[in-house]
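Q: Just one file: work.csv, with CSV, C-alpha atoms.
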chain,number,residue,atom,x,y,z
A,3,MET,CA,-2.6,-22.9,-19.7
A,4,SER,CA,-0.8,-21.0,-16.9
A,5,PRO,CA,-1.6,-17.3,-16.2
A,6,ARG,CA,1.8,-16.4,-17.5
A,7,GLU,CA,1.2,-18.3,-20.7
A,8,SER,CA,-2.1,-16.5,-21.1
A,9,PHE,CA,-0.4,-13.2,-20.7
A,10,VAL,CA,2.2,-14.2,-23.4
A,11,LEU,CA,-0.6,-15.4,-25.7
A,12,SER,CA,-2.3,-12.0,-25.3
A,13,LEU,CA,0.7,-10.4,-26.8
A,14,ARG,CA,-0.3,-12.1,-30.1
A,15,GLY,CA,-4.0,-11.2,-29.8
A,16,PRO,CA,-6.1,-8.9,-32.0
A,17,ASP,CA,-6.0,-6.0,-29.6
A,18,VAL,CA,-3.0,-3.7,-29.5
A,19,PRO,CA,-0.7,-5.0,-26.7
A,20,GLY,CA,0.5,-2.1,-24.6
A,21,ALA,CA,-2.1,0.4,-25.9
A,22,GLU,CA,-2.5,1.7,-22.3
A,23,ILE,CA,1.0,3.1,-22.6
A,24,LEU,CA,-0.1,5.3,-25.5
A,25,ASP,CA,-2.8,6.8,-23.3
A,26,ASP,CA,-0.7,7.0,-20.2
A,27,LEU,CA,2.2,8.8,-21.9
A,28,ARG,CA,0.0,10.9,-24.2
A,29,ASP,CA,1.9,14.1,-23.6
A,30,ASP,CA,5.3,12.6,-23.0
A,31,PRO,CA,7.9,13.0,-25.8
A,32,ALA,CA,9.4,9.6,-24.9
A,33,GLN,CA,6.0,7.8,-25.6
A,34,ARG,CA,7.0,6.3,-29.0
A,35,PHE,CA,10.2,4.7,-27.6
A,36,VAL,CA,8.5,3.3,-24.5
A,37,PHE,CA,5.6,1.9,-26.5
A,38,GLY,CA,7.7,0.7,-29.4
A,39,VAL,CA,10.2,-1.2,-27.3
A,40,TYR,CA,7.3,-2.8,-25.4
A,41,ARG,CA,5.7,-4.0,-28.6
A,42,LEU,CA,9.0,-5.4,-29.9
A,43,VAL,CA,9.8,-7.3,-26.7
A,44,GLY,CA,6.2,-8.5,-26.6
A,45,SER,CA,6.5,-9.9,-30.2
A,46,TRP,CA,9.9,-11.5,-29.3
A,47,LEU,CA,8.4,-13.0,-26.1
A,48,ALA,CA,5.4,-14.4,-28.0
A,49,THR,CA,7.7,-16.1,-30.6
A,50,GLU,CA,8.9,-19.6,-30.2
A,51,GLU,CA,12.4,-19.6,-28.7
A,52,GLN,CA,14.2,-21.1,-31.6
A,53,PHE,CA,12.9,-18.4,-34.0
A,54,ARG,CA,13.7,-15.4,-31.8
A,55,PRO,CA,17.3,-14.7,-33.0
A,56,THR,CA,16.1,-14.1,-36.5
A,57,LEU,CA,12.9,-12.3,-35.7
A,58,PHE,CA,14.4,-8.8,-36.1
A,59,HIS,CA,17.2,-7.5,-38.3
A,60,ILE,CA,20.2,-6.5,-36.2
A,61,ASP,CA,20.8,-3.3,-38.2
A,62,ASP,CA,17.2,-2.1,-37.5
A,63,LEU,CA,17.6,-2.6,-33.7
A,64,GLU,CA,21.0,-0.9,-33.7
A,65,THR,CA,19.4,2.1,-35.4
A,66,LEU,CA,16.6,2.1,-32.8
A,67,SER,CA,19.1,1.9,-30.0
A,68,ILE,CA,21.0,5.0,-31.4
A,69,GLN,CA,17.7,6.9,-31.7
A,70,ILE,CA,16.8,6.1,-28.1
A,71,VAL,CA,20.1,7.4,-26.8
A,72,ASP,CA,20.1,10.5,-29.0
A,73,GLN,CA,16.4,11.4,-29.1
A,74,ALA,CA,14.5,10.0,-26.1
A,75,ASP,CA,14.0,13.0,-23.8
A,76,PHE,CA,13.2,11.3,-20.5
A,77,ALA,CA,12.2,13.5,-17.5
A,78,THR,CA,14.0,12.2,-14.4
A,79,GLY,CA,13.9,12.9,-10.7
A,80,PRO,CA,15.0,11.6,-7.3
A,81,GLU,CA,12.6,8.6,-7.6
A,82,ALA,CA,12.7,8.2,-11.4
A,83,GLU,CA,15.8,6.6,-12.8
A,84,ASN,CA,16.5,7.4,-16.5
A,85,PRO,CA,15.3,4.3,-18.4
A,86,THR,CA,17.4,4.8,-21.5
A,87,ALA,CA,19.9,2.1,-20.6
A,88,GLY,CA,17.1,-0.3,-19.8
A,89,LEU,CA,15.4,0.3,-23.2
A,90,VAL,CA,18.6,-0.1,-25.1
A,91,LEU,CA,19.5,-3.4,-23.3
A,92,LEU,CA,16.0,-4.8,-24.1
A,93,VAL,CA,16.5,-3.9,-27.8
A,94,THR,CA,20.0,-5.2,-28.1
A,95,GLU,CA,19.6,-8.5,-26.2
A,96,MET,CA,16.7,-9.7,-28.4
A,97,VAL,CA,19.0,-10.4,-31.3
A,98,GLN,CA,21.6,-12.3,-29.3
A,99,PRO,CA,21.8,-16.1,-29.7
A,100,LYS,CA,21.8,-16.4,-25.9
A,101,PRO,CA,20.1,-13.3,-24.5
A,102,ASP,CA,20.7,-12.2,-20.9
A,103,ILE,CA,17.2,-13.0,-19.7
A,104,ARG,CA,17.7,-11.7,-16.1
A,105,GLY,CA,19.3,-8.6,-17.5
A,106,MET,CA,16.3,-8.0,-19.8
A,107,ALA,CA,13.9,-8.5,-16.9
A,108,LEU,CA,15.9,-6.0,-14.8
A,109,ALA,CA,15.9,-3.6,-17.7
A,110,ALA,CA,12.1,-3.8,-18.0
A,111,LEU,CA,11.9,-3.1,-14.2
A,112,THR,CA,14.1,0.0,-14.7
A,113,VAL,CA,11.5,1.4,-17.2
A,114,ALA,CA,8.7,0.4,-14.7
A,115,GLU,CA,10.4,2.3,-11.8
A,116,TRP,CA,10.9,5.4,-14.0
A,117,ALA,CA,7.2,5.3,-14.9
A,118,PHE,CA,6.1,4.8,-11.2
A,119,GLY,CA,8.2,7.8,-10.3
A,120,PHE,CA,6.1,10.0,-12.6
A,121,ASP,CA,2.8,8.3,-11.8
A,122,HIS,CA,2.5,6.7,-15.2
A,123,ILE,CA,1.0,3.7,-13.4
A,124,ARG,CA,-0.4,1.8,-16.4
A,125,THR,CA,2.9,2.1,-18.2
A,126,ALA,CA,4.8,0.9,-15.1
A,127,LEU,CA,2.5,-2.0,-14.6
A,128,ALA,CA,2.8,-3.0,-18.3
A,129,TYR,CA,6.6,-3.1,-18.0
A,130,SER,CA,6.4,-4.9,-14.6
A,131,ARG,CA,4.3,-7.7,-16.3
A,132,LEU,CA,6.8,-7.7,-19.2
A,133,ALA,CA,9.7,-8.2,-16.7
A,134,ALA,CA,7.9,-11.1,-15.0
A,135,ALA,CA,7.0,-12.8,-18.3
A,136,VAL,CA,10.6,-12.4,-19.6
A,137,ALA,CA,12.2,-13.7,-16.4
A,138,ASN,CA,9.7,-16.5,-15.9
A,139,ASN,CA,10.6,-17.1,-12.3
A,140,SER,CA,8.9,-16.7,-8.9
A,141,ARG,CA,10.6,-13.6,-7.6
A,142,PHE,CA,9.8,-11.4,-10.6
A,143,ALA,CA,6.2,-12.7,-10.6
A,144,TRP,CA,5.9,-11.9,-6.9
A,145,LEU,CA,7.2,-8.4,-7.4
A,146,THR,CA,4.7,-7.8,-10.2
A,147,ALA,CA,1.9,-9.1,-8.0
A,148,ARG,CA,3.0,-6.6,-5.3
A,149,HIS,CA,3.0,-3.8,-7.8
A,150,HIS,CA,-0.5,-4.5,-8.9
A,151,ARG,CA,-1.8,-4.9,-5.4
A,152,THR,CA,-0.2,-1.6,-4.3
A,153,TYR,CA,-2.0,0.3,-7.1
A,154,GLY,CA,-5.4,-1.4,-6.6
A,155,TYR,CA,-5.4,-4.0,-9.4
A,156,SER,CA,-6.4,-6.9,-7.2
A,157,GLU,CA,-7.5,-9.3,-9.9
A,158,GLU,CA,-4.2,-9.0,-11.8
A,159,SER,CA,-2.4,-9.1,-8.5
A,160,GLU,CA,-4.0,-12.4,-7.6
A,161,THR,CA,-3.1,-13.8,-11.0
A,162,TRP,CA,0.6,-13.0,-10.5
A,163,PHE,CA,0.7,-14.2,-6.9
A,164,HIS,CA,-0.6,-17.6,-8.3
A,165,VAL,CA,2.2,-17.5,-10.9
A,166,ALA,CA,4.7,-16.7,-8.2
A,167,HIS,CA,3.4,-19.6,-6.0
A,168,ALA,CA,3.5,-22.1,-8.8
A,169,ALA,CA,7.0,-21.0,-10.0
A,170,ALA,CA,8.3,-21.0,-6.4
A,171,THR,CA,7.1,-24.6,-5.9
A,172,ARG,CA,8.8,-25.6,-9.2
A,173,GLU,CA,12.0,-23.8,-8.2
A,174,HIS,CA,12.0,-25.0,-4.5
A,175,ASP,CA,12.1,-21.3,-3.5
A,176,TRP,CA,10.3,-21.7,-0.3
A,177,ASP,CA,10.7,-18.1,0.8
A,178,THR,CA,8.9,-16.8,-2.2
A,179,LYS,CA,6.3,-19.5,-1.9
A,180,ALA,CA,5.5,-18.3,1.6
A,181,ARG,CA,5.4,-14.7,0.5
A,182,ALA,CA,3.1,-15.5,-2.4
A,183,LEU,CA,0.7,-17.2,0.0
A,184,MET,CA,0.9,-14.2,2.3
A,185,GLY,CA,0.1,-12.0,-0.7
A,186,LEU,CA,-2.9,-14.1,-1.6
A,187,GLY,CA,-4.0,-13.9,2.1
A,188,VAL,CA,-3.8,-10.1,2.1
A,189,LEU,CA,-6.0,-9.9,-1.0
A,190,SER,CA,-8.5,-12.2,0.7
A,191,PHE,CA,-8.4,-10.1,3.9
A,192,LYS,CA,-8.9,-6.9,2.0
A,193,ARG,CA,-12.0,-8.4,0.3
A,194,GLY,CA,-13.4,-9.4,3.7
A,195,SER,CA,-12.9,-13.1,3.1
A,196,TYR,CA,-11.4,-13.7,6.5
A,197,PRO,CA,-11.7,-17.5,6.7
A,198,LEU,CA,-9.9,-17.8,3.3
A,199,ALA,CA,-7.3,-15.3,4.4
A,200,ARG,CA,-6.7,-17.3,7.6
A,201,ARG,CA,-6.3,-20.5,5.6
A,202,ARG,CA,-3.8,-18.9,3.3
A,203,PHE,CA,-1.8,-17.4,6.1
A,204,GLU,CA,-1.8,-20.7,8.0
A,205,PHE,CA,-0.6,-22.5,4.8
A,206,ALA,CA,2.2,-19.9,4.5
A,207,LEU,CA,3.0,-20.7,8.2
A,208,ARG,CA,3.3,-24.4,7.5
A,209,VAL,CA,5.6,-23.7,4.5
A,210,ALA,CA,7.8,-21.4,6.5
A,211,LYS,CA,8.1,-23.9,9.4
A,212,ARG,CA,8.6,-27.0,7.2
A,213,TYR,CA,11.2,-25.5,5.0
A,214,HIS,CA,13.0,-23.4,7.7
A,215,VAL,CA,12.2,-19.9,6.6
A,216,PRO,CA,12.3,-18.2,10.1
A,217,GLU,CA,12.4,-14.7,8.8
A,218,ARG,CA,8.8,-14.9,7.6
A,219,LEU,CA,7.3,-16.3,10.8
A,220,GLY,CA,6.8,-12.9,12.5
A,221,GLU,CA,5.1,-11.5,9.4
A,222,ILE,CA,2.8,-14.4,9.1
A,223,HIS,CA,1.8,-14.2,12.7
A,224,HIS,CA,1.3,-10.5,12.2
A,225,HIS,CA,-1.2,-11.2,9.4
A,226,LEU,CA,-3.0,-13.8,11.6
A,227,PHE,CA,-3.2,-11.2,14.4
A,228,THR,CA,-5.1,-8.9,12.0
A,229,VAL,CA,-7.5,-11.7,11.1
A,230,GLY,CA,-8.2,-12.2,14.8
A,231,VAL,CA,-8.8,-8.5,15.3
A,232,ALA,CA,-11.2,-8.4,12.2
A,233,THR,CA,-13.2,-11.4,13.4
A,234,THR,CA,-13.2,-10.2,17.0
A,235,ASP,CA,-11.6,-13.5,18.1
A,236,HIS,CA,-9.8,-11.8,20.9
A,237,ALA,CA,-8.2,-14.9,22.4
A,238,PHE,CA,-6.7,-15.8,18.9
A,239,ALA,CA,-5.6,-12.2,18.4
A,240,GLU,CA,-3.8,-12.0,21.8
A,241,ARG,CA,-2.1,-15.3,21.2
A,242,GLU,CA,-0.9,-14.2,17.8
A,243,ALA,CA,0.4,-10.9,19.3
A,244,HIS,CA,2.6,-12.8,21.6
A,245,LEU,CA,3.9,-14.9,18.8
A,246,VAL,CA,4.7,-11.8,16.7
A,247,LEU,CA,6.8,-10.4,19.4
A,248,ASP,CA,8.5,-13.8,19.8
A,249,HIS,CA,9.7,-13.6,16.2
A,250,TYR,CA,10.1,-9.8,15.5
A,251,ARG,CA,13.3,-8.5,16.8
A,252,HIS,CA,14.0,-4.8,17.5
A,253,SER,CA,15.6,-4.4,14.1
A,254,HIS,CA,12.7,-6.0,12.1
A,255,PRO,CA,11.3,-3.4,9.6
A,256,ARG,CA,7.7,-4.4,10.4
A,257,LEU,CA,7.9,-4.0,14.1
A,258,PRO,CA,6.7,-0.3,14.1
A,259,HIS,CA,3.7,-1.4,11.9
A,260,PHE,CA,2.8,-4.1,14.3
A,261,ALA,CA,3.1,-1.7,17.3
A,262,HIS,CA,0.7,0.6,15.4
A,263,ASP,CA,-1.8,-2.2,14.7
A,264,LEU,CA,-1.6,-3.3,18.4
A,265,ALA,CA,-2.2,0.2,19.6
A,266,ALA,CA,-5.2,0.5,17.3
A,267,TYR,CA,-6.5,-2.8,18.6
A,268,TRP,CA,-6.1,-1.8,22.2
A,269,THR,CA,-7.7,1.6,21.6
A,270,ASP,CA,-10.8,-0.1,20.1
A,271,ARG,CA,-10.9,-2.4,23.1
A,272,GLY,CA,-10.7,0.6,25.6
A,273,ASP,CA,-7.1,0.0,26.8
A,274,TYR,CA,-6.2,3.6,26.1
A,275,THR,CA,-3.3,3.8,28.5
A,276,ASN,CA,-1.3,1.0,26.9
A,277,ALA,CA,-2.3,2.2,23.4
A,278,LEU,CA,-1.0,5.7,24.2
A,279,LEU,CA,2.3,4.2,25.5
A,280,LEU,CA,2.9,2.6,22.1
A,281,LEU,CA,1.7,5.5,20.0
A,282,ARG,CA,3.8,8.1,21.8
A,283,GLN,CA,6.9,5.9,21.3
A,284,LEU,CA,6.1,5.6,17.6
A,285,LEU,CA,5.7,9.3,17.1
A,286,ALA,CA,8.6,10.3,19.3
A,287,ARG,CA,11.1,8.2,17.3
A,288,ASN,CA,9.7,9.3,13.9
A,289,TYR,CA,9.3,5.7,12.8
A,290,PHE,CA,6.9,6.7,10.0
A,291,GLU,CA,8.8,9.8,8.9
A,292,HIS,CA,9.0,8.5,5.3
A,293,GLU,CA,5.5,6.9,5.3
A,294,PRO,CA,3.0,9.8,5.4
A,295,ASP,CA,-0.1,7.7,5.4
A,296,ALA,CA,1.1,5.6,8.4
A,297,GLU,CA,2.2,8.7,10.2
A,298,LEU,CA,-1.2,10.4,9.6
A,299,LEU,CA,-3.1,7.3,11.0
A,300,THR,CA,-0.7,7.2,14.0
A,301,TYR,CA,-1.6,10.7,15.0
A,302,ALA,CA,-5.3,10.0,14.4
A,303,TRP,CA,-5.2,6.9,16.6
A,304,GLY,CA,-3.2,9.0,19.2
A,305,ALA,CA,-6.0,11.6,19.3
A,306,ARG,CA,-8.6,8.8,19.7
A,307,ALA,CA,-6.7,7.1,22.5
A,308,ALA,CA,-5.9,10.3,24.3
A,309,ALA,CA,-9.5,11.3,24.2
A,310,GLY,CA,-10.5,8.0,25.6
A,311,ALA,CA,-8.0,8.4,28.4
A,312,GLY,CA,-9.3,11.9,29.2
A,313,ASP,CA,-5.9,13.5,28.3
A,314,THR,CA,-7.2,16.6,26.6
A,315,ALA,CA,-3.8,18.2,26.1
A,316,SER,CA,-2.5,15.1,24.2
A,317,PHE,CA,-5.8,15.0,22.2
A,318,THR,CA,-5.4,18.6,21.1
A,319,ARG,CA,-1.7,18.1,20.1
A,320,PHE,CA,-2.4,14.9,18.2
A,321,PHE,CA,-5.6,16.3,16.6
A,322,THR,CA,-3.7,19.4,15.4
A,323,GLU,CA,-0.9,17.3,14.0
A,324,ALA,CA,-3.3,15.1,12.2
A,325,ARG,CA,-5.3,18.0,10.7
A,326,GLU,CA,-2.1,19.6,9.4
A,327,ARG,CA,-1.2,16.3,7.6
A,328,ILE,CA,-4.7,16.0,6.2
A,329,ALA,CA,-4.5,19.5,4.8
A,330,ALA,CA,-1.2,18.5,3.1
A,331,ALA,CA,-2.2,15.0,2.0
A,332,ARG,CA,-2.0,13.9,-1.6
A,333,ALA,CA,-5.3,13.9,-3.4
A,334,ALA,CA,-5.2,10.1,-3.6
A,335,SER,CA,-4.2,9.5,0.0
A,336,LEU,CA,-6.5,6.7,1.1
A,337,PRO,CA,-6.4,6.9,4.9
A,338,VAL,CA,-7.7,10.5,5.1
A,339,ALA,CA,-11.3,9.3,5.5
A,340,GLN,CA,-10.3,6.8,8.2
A,341,ALA,CA,-8.2,9.4,10.0
A,342,LEU,CA,-11.1,11.9,10.1
A,343,LEU,CA,-13.4,9.3,11.5
A,344,LEU,CA,-10.9,8.6,14.3
A,345,LEU,CA,-10.6,12.3,15.1
A,346,ALA,CA,-14.4,12.5,15.2
A,347,ARG,CA,-14.6,9.6,17.6
A,348,GLY,CA,-12.0,11.2,19.8
A,349,ALA,CA,-13.9,14.5,19.8
A,350,LEU,CA,-17.1,12.6,20.7
A,351,SER,CA,-15.3,11.1,23.8
A,352,LEU,CA,-14.6,14.6,25.0
A,353,GLU,CA,-18.1,15.8,24.1
A,354,ARG,CA,-16.8,18.3,21.5
A,355,TRP,CA,-19.9,17.9,19.4
A,356,ASN,CA,-19.3,20.5,16.7
A,357,VAL,CA,-15.7,19.4,16.2
A,358,ALA,CA,-16.9,15.8,15.8
A,359,ARG,CA,-19.6,16.9,13.4
A,360,ASP,CA,-17.1,18.8,11.2
A,361,CYS,CA,-14.8,15.8,11.1
A,362,LEU,CA,-17.6,13.4,10.3
A,363,VAL,CA,-19.0,15.6,7.4
A,364,GLU,CA,-15.5,15.8,5.9
A,365,ALA,CA,-14.9,12.1,6.5
A,366,LEU,CA,-18.1,11.2,4.7
A,367,SER,CA,-17.2,13.4,1.7
A,368,GLU,CA,-13.7,11.8,1.5
A,369,ALA,CA,-15.2,8.3,1.9
A,370,GLU,CA,-17.6,9.0,-1.0
A,371,ARG,CA,-14.7,10.1,-3.2
A,372,THR,CA,-12.5,7.1,-2.4
A,373,GLY,CA,-15.2,4.4,-2.0
A,374,ASN,CA,-14.5,3.7,1.6
A,375,GLY,CA,-17.6,1.8,2.6
A,376,TYR,CA,-16.7,1.2,6.3
A,377,VAL,CA,-16.2,5.0,6.9
A,378,LYS,CA,-19.5,5.8,5.1
A,379,PHE,CA,-21.4,3.3,7.2
A,380,ARG,CA,-19.8,4.3,10.6
A,381,GLY,CA,-19.7,8.0,9.7
A,382,ASP,CA,-23.5,8.1,8.9
A,383,GLU,CA,-24.3,6.3,12.1
A,384,LEU,CA,-22.2,8.6,14.2
A,385,LEU,CA,-23.4,11.8,12.4
A,386,ASP,CA,-27.0,10.9,13.2
A,387,LYS,CA,-26.2,10.5,16.9
A,388,VAL,CA,-24.3,13.8,16.9
A,389,ASP,CA,-27.1,15.7,15.2
A,390,GLN,CA,-29.6,14.2,17.6
A,391,ARG,CA,-27.5,15.4,20.5
A,392,LEU,CA,-27.1,18.9,19.1
A,393,ARG,CA,-30.9,19.2,18.7
A,394,THR,CA,-31.8,17.9,22.1
A,395,GLU,CA,-28.9,19.4,24.2
A,396,PRO,CA,-27.7,22.6,22.6
A,397,MET,CA,-25.6,23.5,25.7
A,398,TYR,CA,-23.2,20.9,24.4
A,399,SER,CA,-23.2,22.1,20.9
A,400,GLY,CA,-19.7,23.6,20.6
A,401,PRO,CA,-16.6,25.1,22.0
A,402,GLN,CA,-18.0,28.6,22.5
A,403,ASN,CA,-17.2,28.4,26.2
A,404,ALA,CA,-13.5,28.0,25.5
A,405,PRO,CA,-12.7,31.8,25.4
A,406,VAL,CA,-14.6,32.3,28.7
A,407,ALA,CA,-12.8,29.4,30.3
A,408,GLU,CA,-9.4,30.7,29.2
A,409,ARG,CA,-10.2,34.2,30.7
A,410,ALA,CA,-11.4,32.6,33.9
A,411,VAL,CA,-8.2,30.5,34.1
A,412,THR,CA,-6.1,33.6,33.5
A,413,LEU,CA,-7.8,35.5,36.3
A,414,LEU,CA,-7.4,32.6,38.7
A,415,ARG,CA,-3.7,32.5,38.0
A,416,ARG,CA,-3.4,36.2,38.7
A,417,ARG,CA,-5.4,35.9,41.9
A,418,ALA,CA,-3.3,36.2,45.0
A,419,PRO,CA,-3.2,33.1,47.1
Please express the file's structure as structure tokens.

A:
Amino acid sequence: MSPRESFVLSLRGPDVPGAEILDDLRDDPAQRFVFGVYRLVGSWLATEEQFRPTLFHIDDLETLSIQIVDQADFATGPEAENPTAGLVLLVTEMVQPKPDIRGMALAALTVAEWAFGFDHIRTALAYSRLAAAVANNSRFAWLTARHHRTYGYSEESETWFHVAHAAATREHDWDTKARALMGLGVLSFKRGSYPLARRRFEFALRVAKRYHVPERLGEIHHHLFTVGVATTDHAFAEREAHLVLDHYRHSHPRLPHFAHDLAAYWTDRGDYTNALLLLRQLLARNYFEHEPDAELLTYAWGARAAAGAGDTASFTRFFTEARERIAAARAASLPVAQALLLLARGALSLERWNVARDCLVEALSEAERTGNGYVKFRGDELLDKVDQRLRTEPMYSGPQNAPVAERAVTLLRRRAP
């Protein structure tokens, strides 16, 4: 039984399919329509195809459609399209002899996008799965896998990437096959299974080359570069970096992200000058203006690289910008702990011990909240070293000399030559 068939079978099971919608939309007046349509489509999907046109009475569904239009009070916003039309289409197509399957899948995605826009994540994911099950093709399955990966449901994401991969093979959709393999590789990479991630990325590379999907080559080499970095295989990482630039052009949407990854790699290897060159360019051109998490990390890496290069003015500017963004960050913004750790490492390079300690304490608190094991491990290690230094060499313990230094500089500037 395929993963998609298992999902469809679950719609017939003893549990209440879509019960998470009731909890997710507990205070939303549109709850009963969103849940009710999900249950109806689930029943329709779980019914053998030849019996579907007679499953529901057409008058009942027409009445429901009128109620949705007249009574469903959906909050909408710039990122949340009104799902009324999507719900109505789902309801009306179920009684058609030849329903518009693609239209129904797109209608389910409209509801999902509305739910994502208001952080009704479980509702959105339920409708995303429904869209993939209705469409029963590789591209909808891939999108559902991406949705689940984005919101931290890695097991469900892996299931739907496998569905996408199998469907793409059946459909001869080699682009989606390559992307599904990349998606599986990313999941393995995030779990720390670097050998498996590399095998999956290399499999995707073979698919892209064999079936002439050149637009994916740069992305795959980018993923392989990250594997080389994570495994400290520097020769492999440097080779992949050259290959990425061979395939990414100036207009490729992933180029700024690769420049960020490359700058971070160079910073960790001590090549602060070249890292700063890339980071300054990224920030000057506002490449991450609409990606606050990426922008925050770019400023944090900029502070770390500037400190390593001994550029105190740039460190201060990048540090200040990063701190402002951390203060304004969403509660669930995951890179905050990582950014604070980078700021602490930069402060340590400049022997600003108290600044480093404050950042480390905050980073550890954030890492505990979000479950960031790497930051907890590295943060504890660095905090012990900072505390030891503060105990043994108190003259380095803080920036209390800064006001005196500023006064001395002012007097020197006023001094006649």

Q: Which one of A:Gly348, A:Gly119, A:Pro55, A:Pro101 sits closest to Asp313 in chain A if you count only C-alpha atoms?

A: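 Residue with the minimum atom-to-atom distance to Asp313 in chain A: A:Gly348.
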
Q: Name all residues at most 9 Å from Leu207 in chain A (count all atoms listed in the file; drop same-chain ones fewer than 3 positions away) and give them as a list of chain:residue names.

A: A:Ala180, A:Arg202, A:Phe203, A:Glu204, A:Ala210, A:Lys211, A:Arg212, A:Arg218, A:Leu219, A:Ile222, A:His223

Q: Set the distance at 9 Å and use only C-alpha atoms: which residues neighbour Phe260 in chain A once local chain neighbours fewer than 6 positions away are removed? I'd like the list as a list in words.

A: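 Result of the neighbour search: His224, Ala243 and Val246 of chain A.
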
Q: Write the residues you've just listed into a file as a tab-separated table (two decimals), keeping the file's coordinate frame, and include C-alpha atoms for each of them.

A:
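Wrote it out as selection_15.tsv, contents follow:
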chain	number	residue	atom	x	y	z
A	224	HIS	CA	1.30	-10.50	12.20
A	243	ALA	CA	0.40	-10.90	19.30
A	246	VAL	CA	4.70	-11.80	16.70

Q: State, in Å with one decimal place, the distance from CA of Leu344 in chain A to CA of Ser316 in chain A.

A: 14.5 Å

Q: Please measure the separation of CA of Glu323 in chain A and CA of Leu298 in chain A, giving the value in Å to one decimal.

A: 8.2 Å

Q: Using Å and a single decimal, report how far CA of Tyr155 in chain A sits from CA of Phe379 in chain A.

A: 24.2 Å

Q: Please identify all polymer residues within 10 Å of Ala21 in chain A, counting all atoms listed in the file, omitting same-chain residues fewer than 3 positions from it, and present them as a PyMOL selection string.

A: chain A and resi 17-18+24-26+37+40-41+124-125+128

Q: If we count only C-alpha atoms and set the cut-off at 10 Å, which residues sit around Leu279 in chain A, ignoring sequence neighbours fewer than 3 positions away in its own chain? Please answer as number ranges by chain.

A: A: 265, 274-276, 282-284, 304, 307

Q: Restricting the calculation to only C-alpha atoms: of A:Leu91, A:Val231, A:Met106, A:Ala358, which residue gets closest to Asp270 in chain A?

A: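 With only C-alpha atoms as the atom set, the closest residue is A:Val231.
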
Q: At a cut-off of 12 Å, using all atoms listed in the file, what residues contact Asn288 in chain A? Leave out same-chain residues fewer than 6 positions from it and give the result as a list in words.

A: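 The filter keeps Pro258, Leu281, Arg282, Pro294, Ala296, Glu297, Leu298, Thr300 and Tyr301 of chain A.
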
Q: Taking (14.3, -13.9, -37.3) in the coordinates of the supplied file, I want to know which residues reach to within 12 Å of it, counting all atoms listed in the file; could you give the answer as a CSV table (one decimal) with C-alpha atoms, in the coordinates of the input?

A:
chain,number,residue,atom,x,y,z
A,45,SER,CA,6.5,-9.9,-30.2
A,46,TRP,CA,9.9,-11.5,-29.3
A,49,THR,CA,7.7,-16.1,-30.6
A,50,GLU,CA,8.9,-19.6,-30.2
A,51,GLU,CA,12.4,-19.6,-28.7
A,52,GLN,CA,14.2,-21.1,-31.6
A,53,PHE,CA,12.9,-18.4,-34.0
A,54,ARG,CA,13.7,-15.4,-31.8
A,55,PRO,CA,17.3,-14.7,-33.0
A,56,THR,CA,16.1,-14.1,-36.5
A,57,LEU,CA,12.9,-12.3,-35.7
A,58,PHE,CA,14.4,-8.8,-36.1
A,59,HIS,CA,17.2,-7.5,-38.3
A,60,ILE,CA,20.2,-6.5,-36.2
A,96,MET,CA,16.7,-9.7,-28.4
A,97,VAL,CA,19.0,-10.4,-31.3
A,98,GLN,CA,21.6,-12.3,-29.3
A,99,PRO,CA,21.8,-16.1,-29.7

Q: Taking all atoms listed in the file into account, which of A:Leu366, A:Ala206, A:Leu198, A:Leu186 comes nearest Val229 in chain A?

A: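 Nearest candidate to Val229 in chain A out of A:Leu366, A:Ala206, A:Leu198, A:Leu186: A:Leu198.
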
Q: Select, from A:Tyr267, A:Glu22, A:Cys361, A:Ser253, the residue with the minimum atom-to-atom distance to Phe227 in chain A, counting only C-alpha atoms.

A: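 Ranked by minimum distance to Phe227 in chain A, first place goes to A:Tyr267.
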